[in-house]
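What's in data-v7.pdb: PDB, N, CA and C atoms
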ATOM      1  N   MET W  12     -26.523  18.725  21.680
ATOM      2  CA  MET W  12     -26.359  17.476  22.369
ATOM      3  C   MET W  12     -25.395  16.580  21.592
ATOM      4  N   GLN W  13     -24.432  15.998  22.271
ATOM      5  CA  GLN W  13     -23.469  15.132  21.618
ATOM      6  C   GLN W  13     -24.092  13.779  21.321
ATOM      7  N   ASN W  14     -23.704  13.215  20.168
ATOM      8  CA  ASN W  14     -24.178  11.861  19.914
ATOM      9  C   ASN W  14     -23.324  10.880  20.710
ATOM     10  N   LEU W  15     -23.717   9.642  20.757
ATOM     11  CA  LEU W  15     -23.057   8.644  21.588
ATOM     12  C   LEU W  15     -21.595   8.452  21.204
ATOM     13  N   GLN W  16     -21.292   8.434  19.905
ATOM     14  CA  GLN W  16     -19.911   8.232  19.473
ATOM     15  C   GLN W  16     -19.019   9.364  19.954
ATOM     16  N   GLU W  17     -19.467  10.608  19.846
ATOM     17  CA  GLU W  17     -18.670  11.738  20.304
ATOM     18  C   GLU W  17     -18.431  11.657  21.802
ATOM     19  N   ALA W  18     -19.422  11.227  22.541
ATOM     20  CA  ALA W  18     -19.305  11.169  23.987
ATOM     21  C   ALA W  18     -18.348  10.078  24.437
ATOM     22  N   THR W  19     -18.198   9.005  23.660
ATOM     23  CA  THR W  19     -17.382   7.885  24.092
ATOM     24  C   THR W  19     -15.971   7.889  23.502
ATOM     25  N   LEU W  20     -15.730   8.623  22.436
ATOM     26  CA  LEU W  20     -14.413   8.654  21.805
ATOM     27  C   LEU W  20     -13.815  10.051  21.924
ATOM     28  N   SER W  21     -12.593  10.125  22.431
ATOM     29  CA  SER W  21     -11.946  11.426  22.558
ATOM     30  C   SER W  21     -11.475  11.926  21.200
ATOM     31  N   ASN W  22     -11.360  13.236  21.070
ATOM     32  CA  ASN W  22     -10.865  13.832  19.829
ATOM     33  C   ASN W  22      -9.468  13.327  19.504
ATOM     34  N   ASP W  23      -8.629  13.179  20.529
ATOM     35  CA  ASP W  23      -7.260  12.713  20.321
ATOM     36  C   ASP W  23      -7.242  11.288  19.777
ATOM     37  N   PHE W  24      -8.080  10.422  20.326
ATOM     38  CA  PHE W  24      -8.154   9.038  19.852
ATOM     39  C   PHE W  24      -8.578   8.992  18.392
ATOM     40  N   ILE W  25      -9.611   9.747  18.045
ATOM     41  CA  ILE W  25     -10.102   9.768  16.663
ATOM     42  C   ILE W  25      -9.010  10.264  15.726
ATOM     43  N   SER W  26      -8.340  11.346  16.096
ATOM     44  CA  SER W  26      -7.281  11.909  15.257
ATOM     45  C   SER W  26      -6.160  10.903  15.035
ATOM     46  N   ARG W  27      -5.710  10.275  16.111
ATOM     47  CA  ARG W  27      -4.607   9.302  16.001
ATOM     48  C   ARG W  27      -5.009   8.109  15.147
ATOM     49  N   ARG W  28      -6.219   7.647  15.312
ATOM     50  CA  ARG W  28      -6.686   6.477  14.549
ATOM     51  C   ARG W  28      -6.719   6.781  13.051
ATOM     52  N   ILE W  29      -7.293   7.911  12.679
ATOM     53  CA  ILE W  29      -7.391   8.265  11.260
ATOM     54  C   ILE W  29      -6.006   8.567  10.695
ATOM     55  N   GLU W  30      -5.197   9.300  11.439
ATOM     56  CA  GLU W  30      -3.846   9.611  10.986
ATOM     57  C   GLU W  30      -3.058   8.323  10.749
ATOM     58  N   SER W  31      -3.170   7.373  11.635
ATOM     59  CA  SER W  31      -2.489   6.091  11.478
ATOM     60  C   SER W  31      -2.967   5.365  10.220
ATOM     61  N   SER W  32      -4.264   5.382   9.973
ATOM     62  CA  SER W  32      -4.813   4.741   8.772
ATOM     63  C   SER W  32      -4.283   5.406   7.509
ATOM     64  N   ILE W  33      -4.194   6.719   7.512
ATOM     65  CA  ILE W  33      -3.663   7.441   6.348
ATOM     66  C   ILE W  33      -2.196   7.094   6.150
ATOM     67  N   HIS W  34      -1.420   7.062   7.223
ATOM     68  CA  HIS W  34       0.017   6.781   7.132
ATOM     69  C   HIS W  34       0.289   5.360   6.658
ATOM     70  N   GLN W  35      -0.612   4.433   6.911
ATOM     71  CA  GLN W  35      -0.420   3.038   6.532
ATOM     72  C   GLN W  35      -0.972   2.702   5.152
ATOM     73  N   SER W  36      -1.329   3.698   4.384
ATOM     74  CA  SER W  36      -1.978   3.453   3.101
ATOM     75  C   SER W  36      -1.023   3.025   1.989
ATOM     76  N   GLY W  37       0.265   2.995   2.242
ATOM     77  CA  GLY W  37       1.202   2.498   1.240
ATOM     78  C   GLY W  37       2.004   3.563   0.510
ATOM     79  N   TYR W  38       1.717   4.823   0.728
ATOM     80  CA  TYR W  38       2.470   5.907   0.099
ATOM     81  C   TYR W  38       3.260   6.635   1.184
ATOM     82  N   PRO W  39       4.591   6.617   1.129
ATOM     83  CA  PRO W  39       5.383   7.259   2.185
ATOM     84  C   PRO W  39       5.099   8.753   2.320
ATOM     85  N   GLN W  40       4.710   9.405   1.236
ATOM     86  CA  GLN W  40       4.430  10.838   1.293
ATOM     87  C   GLN W  40       3.231  11.146   2.195
ATOM     88  N   LEU W  41       2.330  10.199   2.371
ATOM     89  CA  LEU W  41       1.155  10.423   3.206
ATOM     90  C   LEU W  41       1.507  10.524   4.684
ATOM     91  N   LYS W  42       2.751  10.174   5.029
ATOM     92  CA  LYS W  42       3.189  10.331   6.420
ATOM     93  C   LYS W  42       3.386  11.798   6.774
ATOM     94  N   ASN W  43       3.308  12.680   5.772
ATOM     95  CA  ASN W  43       3.393  14.126   5.998
ATOM     96  C   ASN W  43       2.049  14.719   6.429
ATOM     97  N   ILE W  44       1.007  13.910   6.470
ATOM     98  CA  ILE W  44      -0.340  14.402   6.789
ATOM     99  C   ILE W  44      -0.602  14.270   8.285
ATOM    100  N   SER W  45      -1.148  15.334   8.853
ATOM    101  CA  SER W  45      -1.546  15.292  10.262
ATOM    102  C   SER W  45      -3.052  15.521  10.350
ATOM    103  N   CYS W  46      -3.640  14.997  11.411
ATOM    104  CA  CYS W  46      -5.078  15.088  11.615
ATOM    105  C   CYS W  46      -5.371  15.727  12.961
ATOM    106  N   GLU W  47      -6.442  16.472  12.985
ATOM    107  CA  GLU W  47      -6.946  17.049  14.231
ATOM    108  C   GLU W  47      -8.460  16.890  14.212
ATOM    109  N   SER W  48      -8.996  16.373  15.291
ATOM    110  CA  SER W  48     -10.435  16.138  15.364
ATOM    111  C   SER W  48     -11.072  17.130  16.319
ATOM    112  N   ASN W  49     -12.214  17.633  15.910
ATOM    113  CA  ASN W  49     -13.009  18.515  16.752
ATOM    114  C   ASN W  49     -14.445  18.011  16.687
ATOM    115  N   GLY W  50     -14.755  17.072  17.560
ATOM    116  CA  GLY W  50     -16.062  16.436  17.489
ATOM    117  C   GLY W  50     -16.160  15.583  16.246
ATOM    118  N   SER W  51     -17.157  15.817  15.422
ATOM    119  CA  SER W  51     -17.329  15.028  14.202
ATOM    120  C   SER W  51     -16.677  15.683  12.983
ATOM    121  N   THR W  52     -15.874  16.723  13.215
ATOM    122  CA  THR W  52     -15.142  17.387  12.137
ATOM    123  C   THR W  52     -13.673  17.011  12.219
ATOM    124  N   LEU W  53     -13.099  16.611  11.085
ATOM    125  CA  LEU W  53     -11.687  16.258  11.010
ATOM    126  C   LEU W  53     -10.967  17.302  10.176
ATOM    127  N   ILE W  54      -9.817  17.752  10.654
ATOM    128  CA  ILE W  54      -9.001  18.716   9.926
ATOM    129  C   ILE W  54      -7.739  18.002   9.468
ATOM    130  N   LEU W  55      -7.493  18.017   8.157
ATOM    131  CA  LEU W  55      -6.292  17.421   7.580
ATOM    132  C   LEU W  55      -5.327  18.527   7.194
ATOM    133  N   ARG W  56      -4.042  18.333   7.549
ATOM    134  CA  ARG W  56      -3.005  19.319   7.213
ATOM    135  C   ARG W  56      -1.775  18.607   6.684
ATOM    136  N   GLY W  57      -1.041  19.299   5.834
ATOM    137  CA  GLY W  57       0.216  18.775   5.329
ATOM    138  C   GLY W  57       0.412  19.129   3.870
ATOM    139  N   GLU W  58       1.468  18.572   3.311
ATOM    140  CA  GLU W  58       1.789  18.802   1.906
ATOM    141  C   GLU W  58       1.982  17.464   1.218
ATOM    142  N   LEU W  59       1.459  17.382  -0.002
ATOM    143  CA  LEU W  59       1.590  16.173  -0.811
ATOM    144  C   LEU W  59       1.972  16.560  -2.237
ATOM    145  N   PRO W  60       2.585  15.621  -2.977
ATOM    146  CA  PRO W  60       3.027  15.948  -4.337
ATOM    147  C   PRO W  60       1.945  15.825  -5.403
ATOM    148  N   SER W  61       0.777  15.249  -5.071
ATOM    149  CA  SER W  61      -0.234  15.072  -6.120
ATOM    150  C   SER W  61      -1.650  15.115  -5.546
ATOM    151  N   TYR W  62      -2.582  15.463  -6.429
ATOM    152  CA  TYR W  62      -3.995  15.460  -6.050
ATOM    153  C   TYR W  62      -4.462  14.031  -5.776
ATOM    154  N   TYR W  63      -3.903  13.078  -6.483
ATOM    155  CA  TYR W  63      -4.265  11.682  -6.275
ATOM    156  C   TYR W  63      -4.006  11.266  -4.825
ATOM    157  N   GLN W  64      -2.834  11.606  -4.300
ATOM    158  CA  GLN W  64      -2.516  11.245  -2.924
ATOM    159  C   GLN W  64      -3.402  12.002  -1.939
ATOM    160  N   MET W  65      -3.750  13.228  -2.264
ATOM    161  CA  MET W  65      -4.680  13.968  -1.412
ATOM    162  C   MET W  65      -6.036  13.262  -1.381
ATOM    163  N   GLN W  66      -6.493  12.790  -2.532
ATOM    164  CA  GLN W  66      -7.757  12.072  -2.597
ATOM    165  C   GLN W  66      -7.708  10.784  -1.782
ATOM    166  N   LEU W  67      -6.562  10.115  -1.770
ATOM    167  CA  LEU W  67      -6.426   8.907  -0.948
ATOM    168  C   LEU W  67      -6.603   9.237   0.529
ATOM    169  N   ALA W  68      -5.954  10.304   0.976
ATOM    170  CA  ALA W  68      -6.079  10.715   2.380
ATOM    171  C   ALA W  68      -7.517  11.076   2.710
ATOM    172  N   LEU W  69      -8.176  11.791   1.825
ATOM    173  CA  LEU W  69      -9.575  12.167   2.048
ATOM    174  C   LEU W  69     -10.484  10.941   2.081
ATOM    175  N   ARG W  70     -10.195   9.981   1.237
ATOM    176  CA  ARG W  70     -11.005   8.766   1.202
ATOM    177  C   ARG W  70     -10.944   7.999   2.516
ATOM    178  N   VAL W  71      -9.753   7.905   3.077
ATOM    179  CA  VAL W  71      -9.606   7.246   4.376
ATOM    180  C   VAL W  71     -10.405   8.010   5.429
ATOM    181  N   ALA W  72     -10.298   9.330   5.413
ATOM    182  CA  ALA W  72     -10.952  10.155   6.432
ATOM    183  C   ALA W  72     -12.473  10.046   6.379
ATOM    184  N   VAL W  73     -13.049  10.092   5.196
ATOM    185  CA  VAL W  73     -14.514  10.095   5.099
ATOM    186  C   VAL W  73     -15.115   8.717   5.343
ATOM    187  N   GLN W  74     -14.318   7.673   5.335
ATOM    188  CA  GLN W  74     -14.839   6.330   5.592
ATOM    189  C   GLN W  74     -15.025   6.061   7.082
ATOM    190  N   GLU W  75     -14.478   6.912   7.928
ATOM    191  CA  GLU W  75     -14.615   6.707   9.367
ATOM    192  C   GLU W  75     -16.035   7.085   9.792
ATOM    193  N   PRO W  76     -16.707   6.222  10.544
ATOM    194  CA  PRO W  76     -18.124   6.445  10.856
ATOM    195  C   PRO W  76     -18.403   7.645  11.754
ATOM    196  N   TRP W  77     -17.441   8.099  12.529
ATOM    197  CA  TRP W  77     -17.701   9.200  13.458
ATOM    198  C   TRP W  77     -17.328  10.557  12.885
ATOM    199  N   ILE W  78     -16.948  10.611  11.605
ATOM    200  CA  ILE W  78     -16.596  11.872  10.956
ATOM    201  C   ILE W  78     -17.724  12.283  10.018
ATOM    202  N   ASP W  79     -18.284  13.476  10.263
ATOM    203  CA  ASP W  79     -19.350  14.007   9.413
ATOM    204  C   ASP W  79     -18.838  15.039   8.418
ATOM    205  N   GLN W  80     -17.703  15.680   8.755
ATOM    206  CA  GLN W  80     -17.173  16.751   7.907
ATOM    207  C   GLN W  80     -15.658  16.692   7.938
ATOM    208  N   VAL W  81     -15.030  16.960   6.782
ATOM    209  CA  VAL W  81     -13.569  17.018   6.684
ATOM    210  C   VAL W  81     -13.181  18.393   6.174
ATOM    211  N   ASP W  82     -12.362  19.093   6.947
ATOM    212  CA  ASP W  82     -11.778  20.363   6.505
ATOM    213  C   ASP W  82     -10.401  20.040   5.941
ATOM    214  N   ASN W  83     -10.276  20.177   4.641
ATOM    215  CA  ASN W  83      -9.047  19.792   3.955
ATOM    216  C   ASN W  83      -8.113  20.996   3.831
ATOM    217  N   HIS W  84      -6.998  20.940   4.543
ATOM    218  CA  HIS W  84      -5.969  21.975   4.464
ATOM    219  C   HIS W  84      -4.680  21.407   3.883
ATOM    220  N   ILE W  85      -4.796  20.349   3.088
ATOM    221  CA  ILE W  85      -3.633  19.741   2.441
ATOM    222  C   ILE W  85      -3.254  20.599   1.241
ATOM    223  N   ARG W  86      -1.978  20.915   1.173
ATOM    224  CA  ARG W  86      -1.461  21.684   0.030
ATOM    225  C   ARG W  86      -0.772  20.739  -0.940
ATOM    226  N   ILE W  87      -0.947  20.999  -2.223
ATOM    227  CA  ILE W  87      -0.262  20.224  -3.251
ATOM    228  C   ILE W  87       1.008  20.980  -3.629
ATOM    229  N   VAL W  88       2.148  20.320  -3.395
ATOM    230  CA  VAL W  88       3.458  20.894  -3.682
ATOM    231  C   VAL W  88       4.232  19.843  -4.481
ATOM    232  N   PRO W  89       4.128  19.881  -5.829
ATOM    233  CA  PRO W  89       4.713  18.818  -6.650
ATOM    234  C   PRO W  89       6.208  18.595  -6.460
ATOM    235  N   ASP W  90       6.964  19.635  -6.238
ATOM    236  CA  ASP W  90       8.406  19.479  -6.109
ATOM    237  C   ASP W  90       8.900  19.838  -4.718
ATOM    238  N   GLY W  91       8.090  19.603  -3.712
ATOM    239  CA  GLY W  91       8.449  19.941  -2.345
ATOM    240  C   GLY W  91       9.565  19.064  -1.804
ATOM    241  N   PRO W  92      10.152  19.459  -0.668
ATOM    242  CA  PRO W  92      11.228  18.679  -0.062
ATOM    243  C   PRO W  92      10.715  17.309   0.398
ATOM    244  N   ASN W  93      11.550  16.318   0.257
ATOM    245  CA  ASN W  93      11.249  14.936   0.674
ATOM    246  C   ASN W  93      10.062  14.332  -0.055
ATOM    247  N   MET W  94       9.707  14.867  -1.203
ATOM    248  CA  MET W  94       8.572  14.322  -1.929
ATOM    249  C   MET W  94       8.997  13.250  -2.925
ATOM    250  N   ASN W  95      10.262  13.149  -3.224
ATOM    251  CA  ASN W  95      10.744  12.169  -4.185
ATOM    252  C   ASN W  95      11.352  10.960  -3.489
ATOM    253  N   LEU W  96      10.659  10.461  -2.484
ATOM    254  CA  LEU W  96      11.148   9.337  -1.722
ATOM    255  C   LEU W  96      11.048   8.063  -2.565
ATOM    256  N   VAL W  97      12.071   7.245  -2.521
ATOM    257  CA  VAL W  97      12.072   5.982  -3.241
ATOM    258  C   VAL W  97      12.217   4.855  -2.231
ATOM    259  N   TYR W  98      11.297   3.900  -2.292
ATOM    260  CA  TYR W  98      11.331   2.756  -1.376
ATOM    261  C   TYR W  98      11.277   1.479  -2.145
TER     262      TYR W  98
END

How would this structure read if it were set down as structure tokens?
Amino acid sequence: MQNLQEATLSNDFISRRIESSIHQSGYPQLKNISCESNGSTLILRGELPSYYQMQLALRVAVQEPWIDQVDNHIRIVPDGPNMNLVY
């Protein structure tokens, strides 16, 4: 049986909301992260240059009240393309 939050919020809405929050966290590299929601499970994908930035993305994701589980598929690629962005 679905809980009330799952029944009222679409997976696409949840994914876009969390992805937007991650992208607005102040690190341009976090814009490489994509989210996919499957009920109360969130899947994070992308590449980041550090574990610290991965932890930031995870922190945003787990703070959302309708997410019970996060499947982290973020890869750490320290010298990946477009990772040395300067703003």

Atom C of Asn22 (chain W) and atom C of Gln74 (chain W) are how many Å apart?
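Spanning atom C of Asn22 (chain W) to atom C of Gln74 (chain W) is a straight-line distance of 15.4 Å.
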
May I ask for the distance between CA of Ile87 (chain W) and CA of Leu59 (chain W), given in Å to one decimal place?
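Atom-to-atom, CA of Ile87 (chain W) and CA of Leu59 (chain W) are spaced 5.1 Å apart.
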
For this structure, which residues satisfy the selection - the PyMOL selection byres (((chain W and resi 36 and name CA) around 12) and name CA) - when it is evaluated on the file as given? I want them as a PyMOL selection string.
chain W and resi 29-35+37-42+44+64-72

Just the selected residues (N, CA and C atoms), exported as a CSV table (one decimal), keeping the file's coordinate frame, please.
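So the final result, stored in part.csv, reads:
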chain,number,residue,atom,x,y,z
W,29,ILE,N,-7.3,7.9,12.7
W,29,ILE,CA,-7.4,8.3,11.3
W,29,ILE,C,-6.0,8.6,10.7
W,30,GLU,N,-5.2,9.3,11.4
W,30,GLU,CA,-3.8,9.6,11.0
W,30,GLU,C,-3.1,8.3,10.7
W,31,SER,N,-3.2,7.4,11.6
W,31,SER,CA,-2.5,6.1,11.5
W,31,SER,C,-3.0,5.4,10.2
W,32,SER,N,-4.3,5.4,10.0
W,32,SER,CA,-4.8,4.7,8.8
W,32,SER,C,-4.3,5.4,7.5
W,33,ILE,N,-4.2,6.7,7.5
W,33,ILE,CA,-3.7,7.4,6.3
W,33,ILE,C,-2.2,7.1,6.2
W,34,HIS,N,-1.4,7.1,7.2
W,34,HIS,CA,0.0,6.8,7.1
W,34,HIS,C,0.3,5.4,6.7
W,35,GLN,N,-0.6,4.4,6.9
W,35,GLN,CA,-0.4,3.0,6.5
W,35,GLN,C,-1.0,2.7,5.2
W,37,GLY,N,0.3,3.0,2.2
W,37,GLY,CA,1.2,2.5,1.2
W,37,GLY,C,2.0,3.6,0.5
W,38,TYR,N,1.7,4.8,0.7
W,38,TYR,CA,2.5,5.9,0.1
W,38,TYR,C,3.3,6.6,1.2
W,39,PRO,N,4.6,6.6,1.1
W,39,PRO,CA,5.4,7.3,2.2
W,39,PRO,C,5.1,8.8,2.3
W,40,GLN,N,4.7,9.4,1.2
W,40,GLN,CA,4.4,10.8,1.3
W,40,GLN,C,3.2,11.1,2.2
W,41,LEU,N,2.3,10.2,2.4
W,41,LEU,CA,1.2,10.4,3.2
W,41,LEU,C,1.5,10.5,4.7
W,42,LYS,N,2.8,10.2,5.0
W,42,LYS,CA,3.2,10.3,6.4
W,42,LYS,C,3.4,11.8,6.8
W,44,ILE,N,1.0,13.9,6.5
W,44,ILE,CA,-0.3,14.4,6.8
W,44,ILE,C,-0.6,14.3,8.3
W,64,GLN,N,-2.8,11.6,-4.3
W,64,GLN,CA,-2.5,11.2,-2.9
W,64,GLN,C,-3.4,12.0,-1.9
W,65,MET,N,-3.8,13.2,-2.3
W,65,MET,CA,-4.7,14.0,-1.4
W,65,MET,C,-6.0,13.3,-1.4
W,66,GLN,N,-6.5,12.8,-2.5
W,66,GLN,CA,-7.8,12.1,-2.6
W,66,GLN,C,-7.7,10.8,-1.8
W,67,LEU,N,-6.6,10.1,-1.8
W,67,LEU,CA,-6.4,8.9,-0.9
W,67,LEU,C,-6.6,9.2,0.5
W,68,ALA,N,-6.0,10.3,1.0
W,68,ALA,CA,-6.1,10.7,2.4
W,68,ALA,C,-7.5,11.1,2.7
W,69,LEU,N,-8.2,11.8,1.8
W,69,LEU,CA,-9.6,12.2,2.0
W,69,LEU,C,-10.5,10.9,2.1
W,70,ARG,N,-10.2,10.0,1.2
W,70,ARG,CA,-11.0,8.8,1.2
W,70,ARG,C,-10.9,8.0,2.5
W,71,VAL,N,-9.8,7.9,3.1
W,71,VAL,CA,-9.6,7.2,4.4
W,71,VAL,C,-10.4,8.0,5.4
W,72,ALA,N,-10.3,9.3,5.4
W,72,ALA,CA,-11.0,10.2,6.4
W,72,ALA,C,-12.5,10.0,6.4

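Taking only chain W, the residues that DSSP calls strand (DSSP E or B) from the backbone come to Ser45, Cys46, Glu47, Ser48, Asn49, Thr52, Leu53, Ile54, Leu55, Arg56, Gly57, Glu58, Leu59, Gln80, Val81, Asp82, Asn83, His84, Ile85, Arg86 and Ile87 of chain W.
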
Can you list what the PyMOL selection byres (((chain W and resi 83 and name CA) around 10) and name CA) grabs from this structure, as a ChimeraX atom specification?
/W:46,53-57,65,68-69,80-82,84-86

Using backbone DSSP assignments, extract all alpha helix (DSSP H) residues from chain W; output them as a PyMOL selection string.
chain W and resi 15-19+22-34+62-73

Let me have the centre and edge lengths of the axis-aligned box enclosing all listed atoms of region 67-81 of chain W with 5 Å padding on every side, in Å to one decimal, as lines of an AutoDock Vina configuration file.
center_x = -12.7
center_y = 12.2
center_z = 5.8
size_x = 23.4
size_y = 22.3
size_z = 25.2

Could you please determine the separation between CA of Ser45 (chain W) and atom N of Glu58 (chain W) in Å, to one decimal place?
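So the two atoms, CA of Ser45 (chain W) and atom N of Glu58 (chain W), lie 8.3 Å apart.
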
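Compared by their closest atoms to Asp23 (chain W), and using only C-alpha atoms, the residues W:Tyr62, W:Ile78, W:Val88, W:Asn49 rank with W:Asn49 nearest.
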
Kindly indicate which residue among W:Asn43, W:Ser61, W:Asp90, W:Ser48 lies nearest to Phe24 (chain W), using all atoms listed in the file for the distances.
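Smallest distance to Phe24 (chain W) is found for W:Ser48.
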
Using only N, CA and C atoms, which of W:Glu47, W:Thr52, W:Pro60, W:Pro89 sits nearest Ser26 (chain W)?
W:Glu47

As a PDB file, in the coordinates of the input, could you write out region 71-80 of chain W once it has been completed with all heavy atoms?
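Saved as rebuild_35.pdb:
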ATOM      1  N   VAL W  71      -9.753   7.905   3.077  1.00  0.00           N
ATOM      2  CA  VAL W  71      -9.606   7.246   4.376  1.00  0.00           C
ATOM      3  C   VAL W  71     -10.405   8.010   5.429  1.00  0.00           C
ATOM      4  O   VAL W  71     -11.116   7.418   6.238  1.00  0.00           O
ATOM      5  CB  VAL W  71      -8.122   7.145   4.785  1.00  0.00           C
ATOM      6  CG1 VAL W  71      -7.976   6.694   6.220  1.00  0.00           C
ATOM      7  CG2 VAL W  71      -7.370   6.203   3.843  1.00  0.00           C
ATOM      8  N   ALA W  72     -10.298   9.330   5.413  1.00  0.00           N
ATOM      9  CA  ALA W  72     -10.952  10.155   6.432  1.00  0.00           C
ATOM     10  C   ALA W  72     -12.473  10.046   6.379  1.00  0.00           C
ATOM     11  O   ALA W  72     -13.117   9.910   7.414  1.00  0.00           O
ATOM     12  CB  ALA W  72     -10.525  11.610   6.274  1.00  0.00           C
ATOM     13  N   VAL W  73     -13.049  10.092   5.196  1.00  0.00           N
ATOM     14  CA  VAL W  73     -14.514  10.095   5.099  1.00  0.00           C
ATOM     15  C   VAL W  73     -15.115   8.717   5.343  1.00  0.00           C
ATOM     16  O   VAL W  73     -16.321   8.608   5.578  1.00  0.00           O
ATOM     17  CB  VAL W  73     -15.022  10.660   3.753  1.00  0.00           C
ATOM     18  CG1 VAL W  73     -14.575  12.094   3.572  1.00  0.00           C
ATOM     19  CG2 VAL W  73     -14.612   9.793   2.590  1.00  0.00           C
ATOM     20  N   GLN W  74     -14.318   7.673   5.335  1.00  0.00           N
ATOM     21  CA  GLN W  74     -14.839   6.330   5.592  1.00  0.00           C
ATOM     22  C   GLN W  74     -15.025   6.061   7.082  1.00  0.00           C
ATOM     23  O   GLN W  74     -15.655   5.082   7.450  1.00  0.00           O
ATOM     24  CB  GLN W  74     -13.916   5.273   4.986  1.00  0.00           C
ATOM     25  CG  GLN W  74     -13.974   5.245   3.484  1.00  0.00           C
ATOM     26  CD  GLN W  74     -13.047   4.208   2.885  1.00  0.00           C
ATOM     27  OE1 GLN W  74     -12.221   3.629   3.559  1.00  0.00           O
ATOM     28  NE2 GLN W  74     -13.187   3.986   1.597  1.00  0.00           N
ATOM     29  N   GLU W  75     -14.478   6.912   7.928  1.00  0.00           N
ATOM     30  CA  GLU W  75     -14.615   6.707   9.367  1.00  0.00           C
ATOM     31  C   GLU W  75     -16.035   7.085   9.792  1.00  0.00           C
ATOM     32  O   GLU W  75     -16.525   8.162   9.454  1.00  0.00           O
ATOM     33  CB  GLU W  75     -13.588   7.550  10.126  1.00  0.00           C
ATOM     34  CG  GLU W  75     -12.160   7.163   9.825  1.00  0.00           C
ATOM     35  CD  GLU W  75     -11.805   5.758  10.275  1.00  0.00           C
ATOM     36  OE1 GLU W  75     -12.475   5.191  11.160  1.00  0.00           O
ATOM     37  OE2 GLU W  75     -10.834   5.209   9.727  1.00  0.00           O
ATOM     38  N   PRO W  76     -16.707   6.222  10.544  1.00  0.00           N
ATOM     39  CA  PRO W  76     -18.124   6.445  10.856  1.00  0.00           C
ATOM     40  C   PRO W  76     -18.403   7.645  11.754  1.00  0.00           C
ATOM     41  O   PRO W  76     -19.507   8.177  11.733  1.00  0.00           O
ATOM     42  CB  PRO W  76     -18.544   5.142  11.550  1.00  0.00           C
ATOM     43  CG  PRO W  76     -17.288   4.550  12.060  1.00  0.00           C
ATOM     44  CD  PRO W  76     -16.208   4.982  11.113  1.00  0.00           C
ATOM     45  N   TRP W  77     -17.441   8.099  12.529  1.00  0.00           N
ATOM     46  CA  TRP W  77     -17.701   9.200  13.458  1.00  0.00           C
ATOM     47  C   TRP W  77     -17.328  10.557  12.885  1.00  0.00           C
ATOM     48  O   TRP W  77     -17.389  11.563  13.566  1.00  0.00           O
ATOM     49  CB  TRP W  77     -16.991   8.974  14.791  1.00  0.00           C
ATOM     50  CG  TRP W  77     -15.581   8.543  14.626  1.00  0.00           C
ATOM     51  CD1 TRP W  77     -14.503   9.320  14.343  1.00  0.00           C
ATOM     52  CD2 TRP W  77     -15.079   7.225  14.712  1.00  0.00           C
ATOM     53  NE1 TRP W  77     -13.375   8.574  14.237  1.00  0.00           N
ATOM     54  CE2 TRP W  77     -13.702   7.270  14.463  1.00  0.00           C
ATOM     55  CE3 TRP W  77     -15.678   5.985  14.973  1.00  0.00           C
ATOM     56  CZ2 TRP W  77     -12.894   6.129  14.468  1.00  0.00           C
ATOM     57  CZ3 TRP W  77     -14.864   4.867  14.979  1.00  0.00           C
ATOM     58  CH2 TRP W  77     -13.505   4.945  14.737  1.00  0.00           C
ATOM     59  N   ILE W  78     -16.948  10.611  11.605  1.00  0.00           N
ATOM     60  CA  ILE W  78     -16.596  11.872  10.956  1.00  0.00           C
ATOM     61  C   ILE W  78     -17.724  12.283  10.018  1.00  0.00           C
ATOM     62  O   ILE W  78     -18.106  11.550   9.118  1.00  0.00           O
ATOM     63  CB  ILE W  78     -15.265  11.738  10.181  1.00  0.00           C
ATOM     64  CG1 ILE W  78     -14.116  11.425  11.130  1.00  0.00           C
ATOM     65  CG2 ILE W  78     -14.983  12.998   9.366  1.00  0.00           C
ATOM     66  CD1 ILE W  78     -13.874  12.478  12.196  1.00  0.00           C
ATOM     67  N   ASP W  79     -18.284  13.476  10.263  1.00  0.00           N
ATOM     68  CA  ASP W  79     -19.350  14.007   9.413  1.00  0.00           C
ATOM     69  C   ASP W  79     -18.838  15.039   8.418  1.00  0.00           C
ATOM     70  O   ASP W  79     -19.452  15.274   7.391  1.00  0.00           O
ATOM     71  CB  ASP W  79     -20.438  14.674  10.267  1.00  0.00           C
ATOM     72  CG  ASP W  79     -21.196  13.676  11.121  1.00  0.00           C
ATOM     73  OD1 ASP W  79     -21.344  12.512  10.691  1.00  0.00           O
ATOM     74  OD2 ASP W  79     -21.625  14.046  12.221  1.00  0.00           O
ATOM     75  N   GLN W  80     -17.703  15.680   8.755  1.00  0.00           N
ATOM     76  CA  GLN W  80     -17.173  16.751   7.907  1.00  0.00           C
ATOM     77  C   GLN W  80     -15.658  16.692   7.938  1.00  0.00           C
ATOM     78  O   GLN W  80     -15.053  16.440   8.980  1.00  0.00           O
ATOM     79  CB  GLN W  80     -17.645  18.101   8.427  1.00  0.00           C
ATOM     80  CG  GLN W  80     -17.138  19.268   7.644  1.00  0.00           C
ATOM     81  CD  GLN W  80     -17.676  20.584   8.176  1.00  0.00           C
ATOM     82  OE1 GLN W  80     -18.663  20.632   8.892  1.00  0.00           O
ATOM     83  NE2 GLN W  80     -17.011  21.666   7.826  1.00  0.00           N
TER      84      GLN W  80
END
